[in-house]
$ cat upload-v9.cif   # mmCIF, C-alpha atoms
data_upload
#
loop_
_atom_site.label_atom_id
_atom_site.label_comp_id
_atom_site.auth_asym_id
_atom_site.auth_seq_id
_atom_site.Cartn_x
_atom_site.Cartn_y
_atom_site.Cartn_z
CA LYS L 285 67.50 234.92 6.46
CA PHE L 286 70.81 235.85 8.08
CA THR L 287 70.93 238.64 10.66
CA SER L 288 74.37 240.07 11.41
CA ILE L 289 75.34 241.15 14.93
CA LYS L 290 78.81 242.25 13.83
CA ASP L 291 78.27 245.84 14.90
CA GLU L 292 77.36 244.73 18.42
CA ILE L 293 80.71 242.96 18.94
CA ASP L 294 83.93 244.74 19.88
CA PRO L 295 85.98 244.99 16.63
CA MET L 296 88.85 243.09 18.28
CA TYR L 297 86.61 240.03 18.66
CA ARG L 298 84.95 239.84 15.27
CA GLN L 299 87.23 237.14 13.83
CA ILE L 300 85.19 234.35 15.40
CA ARG L 301 86.54 230.80 15.32
CA THR L 302 84.12 228.96 17.60
CA MET L 303 80.85 229.37 19.46
CA VAL L 304 78.77 227.54 22.08
CA ILE L 305 75.42 228.25 23.72
CA ASP L 306 75.36 227.13 27.35
CA ARG L 307 72.39 225.78 29.31
CA ASP L 308 71.48 229.25 30.48
CA GLN L 309 71.35 230.38 26.83
CA ASN L 310 74.46 232.53 27.16
CA VAL L 311 76.39 232.68 23.90
CA TRP L 312 80.16 232.19 24.19
CA ILE L 313 82.36 233.12 21.25
CA GLY L 314 86.04 232.36 20.75
CA SER L 315 88.02 234.65 18.50
CA THR L 316 91.56 235.32 17.35
CA PHE L 317 91.94 237.83 20.22
CA GLY L 318 90.26 236.12 23.17
CA PHE L 319 86.71 235.11 24.04
CA ALA L 320 83.48 236.74 25.09
CA LYS L 321 80.11 235.90 26.60
CA LEU L 322 76.82 237.36 25.41
CA SER L 323 74.30 237.38 28.27
CA ASN L 324 71.00 239.27 28.26
CA GLY L 325 72.09 241.31 25.28
CA THR L 326 75.42 242.40 26.79
CA PHE L 327 78.91 241.20 25.87
CA SER L 328 81.57 240.51 28.52
CA TYR L 329 85.17 240.19 27.29
CA TYR L 330 87.67 237.93 28.94
CA PRO L 331 91.31 238.38 27.85
CA ASN L 332 92.59 240.46 30.77
CA SER L 333 90.94 238.26 33.38
CA ILE L 334 93.16 235.32 32.39
CA LYS L 335 96.39 236.76 31.00
CA SER L 336 97.68 240.14 30.02
CA ASN L 337 98.08 239.54 26.30
CA MET L 338 95.55 238.62 23.65
CA PHE L 339 95.19 234.97 22.64
CA ARG L 340 93.40 232.86 20.05
CA VAL L 341 90.51 230.63 21.16
CA PRO L 342 89.74 228.01 18.48
CA ILE L 343 87.46 225.77 20.59
CA LEU L 344 84.81 226.29 23.26
CA TYR L 345 82.91 223.35 24.77
CA GLU L 346 80.31 222.94 27.53
CA ASP L 347 80.29 219.67 29.47
CA SER L 348 77.42 218.00 31.36
CA GLN L 349 78.38 219.82 34.58
CA ASN L 350 78.05 223.21 32.86
CA ASN L 351 81.80 223.79 32.85
CA ILE L 352 83.07 225.75 29.86
CA TRP L 353 86.28 224.41 28.34
CA ILE L 354 88.38 227.08 26.66
CA VAL L 355 91.16 226.04 24.30
CA ILE L 356 93.94 228.58 23.90
CA LYS L 357 95.87 228.03 20.69
CA ASP L 358 99.15 226.19 21.34
CA GLU L 359 98.87 226.87 25.09
CA GLY L 360 96.49 224.18 26.35
CA VAL L 361 93.02 224.35 27.84
CA LEU L 362 91.21 226.01 30.73
CA LYS L 363 88.11 224.74 32.53
CA TYR L 364 85.78 227.50 33.73
CA ASP L 365 83.44 226.35 36.51
CA GLY L 366 81.49 229.59 36.70
CA SER L 367 83.86 231.17 39.17
CA ASN L 368 87.41 230.07 38.45
CA PHE L 369 89.60 229.28 35.45
CA ILE L 370 91.40 225.98 36.05
CA SER L 371 94.41 224.99 33.95
CA ILE L 372 94.53 221.32 32.88
CA ASN L 373 98.09 220.00 32.79
CA SER L 374 99.89 216.81 31.66
CA LEU L 375 98.08 216.62 28.33
CA LYS L 376 99.83 214.93 25.44
CA SER L 377 100.20 218.27 23.67
CA LYS L 378 99.21 221.88 24.32
CA THR L 379 97.94 222.16 20.74
CA ILE L 380 94.36 220.96 21.22
CA GLN L 381 92.20 220.45 18.15
CA SER L 382 89.02 218.82 19.51
CA ILE L 383 87.11 218.10 22.74
CA VAL L 384 84.22 215.78 23.58
CA GLU L 385 82.68 214.34 26.75
CA ASP L 386 81.76 210.66 26.75
CA VAL L 387 78.69 209.10 28.37
CA SER L 388 80.71 208.40 31.55
CA GLY L 389 81.74 212.02 31.96
CA ASN L 390 85.32 211.64 30.77
CA ILE L 391 86.71 214.50 28.68
CA TRP L 392 88.63 213.46 25.55
CA LEU L 393 90.99 215.94 23.94
CA GLY L 394 92.40 215.45 20.45
CA THR L 395 95.76 217.13 19.99
CA ASN L 396 98.46 217.34 17.34
CA GLY L 397 100.44 214.74 19.32
CA GLY L 398 97.83 212.19 20.34
CA ILE L 399 94.72 211.84 22.51
CA SER L 400 94.31 212.72 26.19
CA LYS L 401 91.55 211.30 28.39
CA TYR L 402 90.74 213.47 31.43
CA SER L 403 88.69 211.81 34.16
CA GLY L 404 88.86 214.58 36.75
CA ASP L 405 91.67 213.10 38.82
CA ALA L 406 93.85 211.46 36.17
CA ILE L 407 94.98 211.88 32.57
CA VAL L 408 95.71 208.98 30.23
CA ASN L 409 97.41 209.66 26.90
CA PHE L 410 97.23 207.65 23.67
CA VAL L 411 99.47 207.86 20.59
CA GLN L 412 100.01 205.89 17.39
CA ASP L 413 102.14 203.37 19.29
CA ASN L 414 98.94 202.42 21.14
CA GLY L 415 97.29 201.51 17.83
CA MET L 416 95.51 204.68 16.69
CA ILE L 417 95.88 205.67 13.06
CA ASP L 418 97.01 209.28 13.43
CA ASN L 419 98.63 211.39 16.16
CA SER L 420 96.94 214.57 14.94
CA ILE L 421 93.24 214.35 15.88
CA ARG L 422 90.89 216.97 14.45
CA SER L 423 87.50 215.78 15.71
CA ILE L 424 85.96 213.25 18.12
CA VAL L 425 82.46 211.79 18.52
CA GLU L 426 80.93 209.00 20.58
CA ASP L 427 78.39 206.77 18.85
CA ASP L 428 75.25 205.09 20.22
CA GLU L 429 77.17 201.92 21.08
CA GLY L 430 79.77 203.76 23.16
CA TYR L 431 82.57 203.64 20.60
CA LEU L 432 84.71 206.74 20.29
CA TRP L 433 85.65 207.86 16.79
CA PHE L 434 88.74 209.96 16.09
CA ALA L 435 89.22 211.79 12.80
CA GLY L 436 92.87 212.18 11.85
CA ASN L 437 94.33 215.19 10.12
CA THR L 438 96.24 213.16 7.53
CA ASP L 439 95.94 209.39 7.95
CA GLY L 440 92.29 208.43 8.39
CA LEU L 441 89.79 207.41 11.05
CA SER L 442 90.05 205.37 14.27
CA ARG L 443 87.36 203.69 16.38
CA PHE L 444 88.13 202.98 20.05
CA ASP L 445 86.26 200.46 22.21
CA GLY L 446 88.08 201.38 25.42
CA VAL L 447 90.85 198.86 24.82
CA HIS L 448 91.61 198.52 21.12
CA PHE L 449 91.68 200.82 18.12
CA LEU L 450 90.12 199.82 14.79
CA ASN L 451 91.50 201.92 11.95
CA PHE L 452 90.01 203.00 8.63
CA GLY L 453 92.03 204.29 5.70
CA LYS L 454 91.67 204.30 1.96
CA SER L 455 92.01 200.52 1.87
CA GLN L 456 88.90 200.30 4.10
CA GLY L 457 86.84 202.45 1.74
CA LEU L 458 87.71 206.05 2.59
CA SER L 459 87.98 208.29 -0.47
CA THR L 460 90.33 210.59 1.46
CA SER L 461 92.34 210.21 4.66
CA MET L 462 92.48 213.88 5.67
CA PHE L 463 89.69 215.15 7.91
CA TRP L 464 88.62 218.20 9.86
CA SER L 465 85.17 217.37 11.27
CA LEU L 466 82.92 214.57 12.53
CA GLU L 467 79.21 214.39 13.36
CA LYS L 468 76.82 211.60 14.35
CA ASP L 469 73.19 211.94 13.30
CA ASP L 470 70.10 210.63 15.11
CA GLU L 471 70.03 207.50 12.96
CA GLY L 472 73.55 206.52 14.00
CA ASN L 473 75.27 207.49 10.77
CA LEU L 474 78.72 209.00 11.03
CA TRP L 475 79.51 212.04 8.87
CA LEU L 476 83.06 213.15 8.09
CA GLY L 477 84.23 216.44 6.62
CA SER L 478 87.51 216.51 4.73
CA ASN L 479 90.18 219.17 5.14
CA SER L 480 91.26 219.69 1.54
CA ASN L 481 90.03 219.92 -2.03
CA GLU L 482 92.07 216.97 -3.20
CA LEU L 483 90.51 214.22 -5.28
CA GLY L 484 88.13 212.22 -3.09
CA SER L 485 87.49 215.00 -0.61
CA GLY L 486 84.06 216.18 0.53
CA LEU L 487 81.37 214.94 2.88
CA LEU L 488 81.60 211.23 3.76
CA LYS L 489 78.83 209.13 5.27
CA PHE L 490 79.50 205.89 7.17
CA ASP L 491 76.39 203.80 7.84
CA GLY L 492 78.26 201.12 9.80
CA ARG L 493 78.96 199.07 6.69
CA SER L 494 80.38 201.29 3.97
CA PHE L 495 81.43 204.85 3.14
CA THR L 496 79.66 207.12 0.65
CA THR L 497 81.28 210.35 -0.57
CA PHE L 498 79.43 213.52 -1.56
CA SER L 499 81.62 216.02 -3.38
CA GLU L 500 81.41 219.24 -5.33
CA ASP L 501 80.03 217.17 -8.19
CA GLN L 502 76.86 216.65 -6.11
CA GLY L 503 76.61 220.34 -5.16
CA LEU L 504 78.84 220.68 -2.10
CA PRO L 505 80.51 224.11 -2.31
CA SER L 506 83.95 223.01 -1.03
CA GLY L 507 85.90 219.98 0.14
CA VAL L 508 87.23 221.94 3.11
CA ILE L 509 84.61 221.28 5.81
CA TYR L 510 85.34 222.87 9.15
CA PHE L 511 82.23 221.82 11.02
CA ILE L 512 79.10 219.66 10.68
CA ARG L 513 75.94 219.89 12.77
CA HIS L 514 72.60 218.11 12.33
CA ASP L 515 69.19 219.53 13.22
CA GLN L 516 66.03 217.92 14.60
CA ASN L 517 64.82 217.17 11.07
CA GLY L 518 67.94 215.22 10.15
CA SER L 519 69.39 217.87 7.85
CA LEU L 520 73.11 218.60 8.04
CA TYR L 521 74.45 222.13 8.38
CA ILE L 522 77.94 222.18 6.92
CA ALA L 523 80.45 224.96 7.55
CA THR L 524 82.94 225.21 4.68
CA SER L 525 85.64 227.45 3.28
CA ILE L 526 83.07 228.81 0.78
CA GLY L 527 79.99 229.36 2.92
CA ILE L 528 77.32 227.18 4.54
CA SER L 529 75.65 224.19 2.93
CA ILE L 530 72.48 222.44 4.11
CA PHE L 531 72.15 218.79 3.09
CA ASP L 532 68.73 217.16 3.43
CA GLY L 533 69.97 213.71 2.45
CA LYS L 534 69.30 214.26 -1.23
CA SER L 535 70.61 217.66 -2.27
CA PHE L 536 72.70 220.59 -1.07
CA THR L 537 71.42 224.14 -0.60
CA ASN L 538 74.30 226.61 -0.40
CA PHE L 539 74.60 230.04 1.18
CA SER L 540 77.38 232.62 0.83
CA ASP L 541 77.97 236.33 1.34
CA LYS L 542 75.61 236.86 -1.59
CA ASN L 543 72.85 235.49 0.66
CA GLY L 544 73.77 237.61 3.68
CA LEU L 545 76.69 235.81 5.34
CA VAL L 546 79.24 238.26 6.73
CA ASN L 547 82.08 235.95 5.61
CA ASN L 548 82.28 232.94 3.32
CA LYS L 549 84.75 231.12 5.57
CA VAL L 550 82.58 229.57 8.30
CA TYR L 551 84.29 227.70 11.14
CA CYS L 552 81.46 226.75 13.48
CA ILE L 553 77.70 226.21 13.67
CA THR L 554 75.74 225.77 16.89
CA LYS L 555 72.09 225.19 17.80
CA ASP L 556 69.98 227.27 20.16
CA LYS L 557 67.09 226.04 22.32
CA ASN L 558 64.78 226.14 19.30
CA GLY L 559 66.96 223.71 17.38
#
$ encode --input "upload-v9.cif" --output "structure tokens"
Amino acid sequence: KFTSIKDEIDPMYRQIRTMVIDRDQNVWIGSTFGFAKLSNGTFSYYPNSIKSNMFRVPILYEDSQNNIWIVIKDEGVLKYDGSNFISINSLKSKTIQSIVEDVSGNIWLGTNGGISKYSGDAIVNFVQDNGMIDNSIRSIVEDDEGYLWFAGNTDGLSRFDGVHFLNFGKSQGLSTSMFWSLEKDDEGNLWLGSNSNELGSGLLKFDGRSFTTFSEDQGLPSGVIYFIRHDQNGSLYIATSIGISIFDGKSFTNFSDKNGLVNNKVYCITKDKNG
């Protein structure tokens, strides 16, 4: 059952693009007009505390130190430490499309012009000339072996071992080279969500040896997959351009506005303390 809290949110903030639940169980939402925090049933709104005009927040991320990273569309990223908003400079591009923290505490930012690694006191940038497959990086995950995986917007997938990039395109078994989302499940499988409805698009699984594609023919509602999240039972929750799909490894169960969603275009899914 879906329960809408639309009426509790200021109308200016209802076009939600991202969401994160921090360790204190506060809910942060990023919208097309700024961002807000829901704490103890009360929303706090943040546009005027940072800049005078409204701004789009497509990504929110909490790191291991409880800092909240706030991406402002085409203007870079801020780190909120609970008291101050800190601007991070010298990134490869101000158009940031993904963020992840690795096991060593480094923050990796995928942009439309390459990858930036932020270690707290230094920034290192990577581009295609360094061996990666695509300059436009939509999603990043770290696997159980410490490899970082970068999903490209148009050209495929890269794996990084800290020194070298290993690239995967259609010649390495991908049915499409255009991606929007990545997720690693508890068994070590990598899941990729495509960013179009072209032939070969859909949900791709990489088990370390080969790629398997699940498409609309198997019940997926759309090949445009904005976000993937797995639960404690191993099921995948898939945010698409035509609602939410739950994949249990065998079949898809789909939900749309006919089932209670407030909008069929779903950009983000997050888990609370109950999983």
$ resolve_selection --input "upload-v9.cif" --expression "the PyMOL selection byres ((chain L and resi 389) around 12)" --output "MDAnalysis selection string"
chainID L and resid 346:351 384:388 390:392 401:404 426
$ resolve_selection --input "upload-v9.cif" --expression "the PyMOL selection byres ((chain L and resi 412) around 12)" --output "ChimeraX atom specification"
/L:396-399,409-411,413-421,436,439,442,448-451
$ resolve_selection --input "upload-v9.cif" --expression "the PyMOL selection byres ((chain L and resi 506) around 9)" --output "list in words"
Ser480, Asn481, Ser485, Gly486, Ser499, Glu500, Gly503, Leu504, Pro505, Gly507, Val508, Ile509, Thr524, Ser525, Ile526 and Gly527 of chain L
$ residues_near_point --input "upload-v9.cif" --point "(89.6, 212.5, 12.8)" --cutoff "6 Å" --atoms "all atoms listed in the file" --output "list of chain:residue names"
L:Ile421, L:Arg422, L:Ser423, L:Phe434, L:Ala435, L:Gly436, L:Leu441, L:Phe463
$ closest_residue --input "upload-v9.cif" --among "L:Leu432, L:Ala406, L:Leu362, L:Ile512" --to "Thr554 in chain L" --atoms "all atoms listed in the file"
L:Ile512
$ atom_distance --input "upload-v9.cif" --atom1 "CA of Asp358 in chain L" --atom2 "CA of Gly394 in chain L"
12.7 Å
$ closest_residue --input "upload-v9.cif" --among "L:Phe531, L:Trp433, L:Phe539, L:Tyr510" --to "Ile553 in chain L" --atoms "all atoms listed in the file"
L:Tyr510
$ closest_residue --input "upload-v9.cif" --among "L:Phe369, L:Phe511, L:Phe495, L:Trp353" --to "Val550 in chain L" --atoms "only C-alpha atoms"
L:Phe511
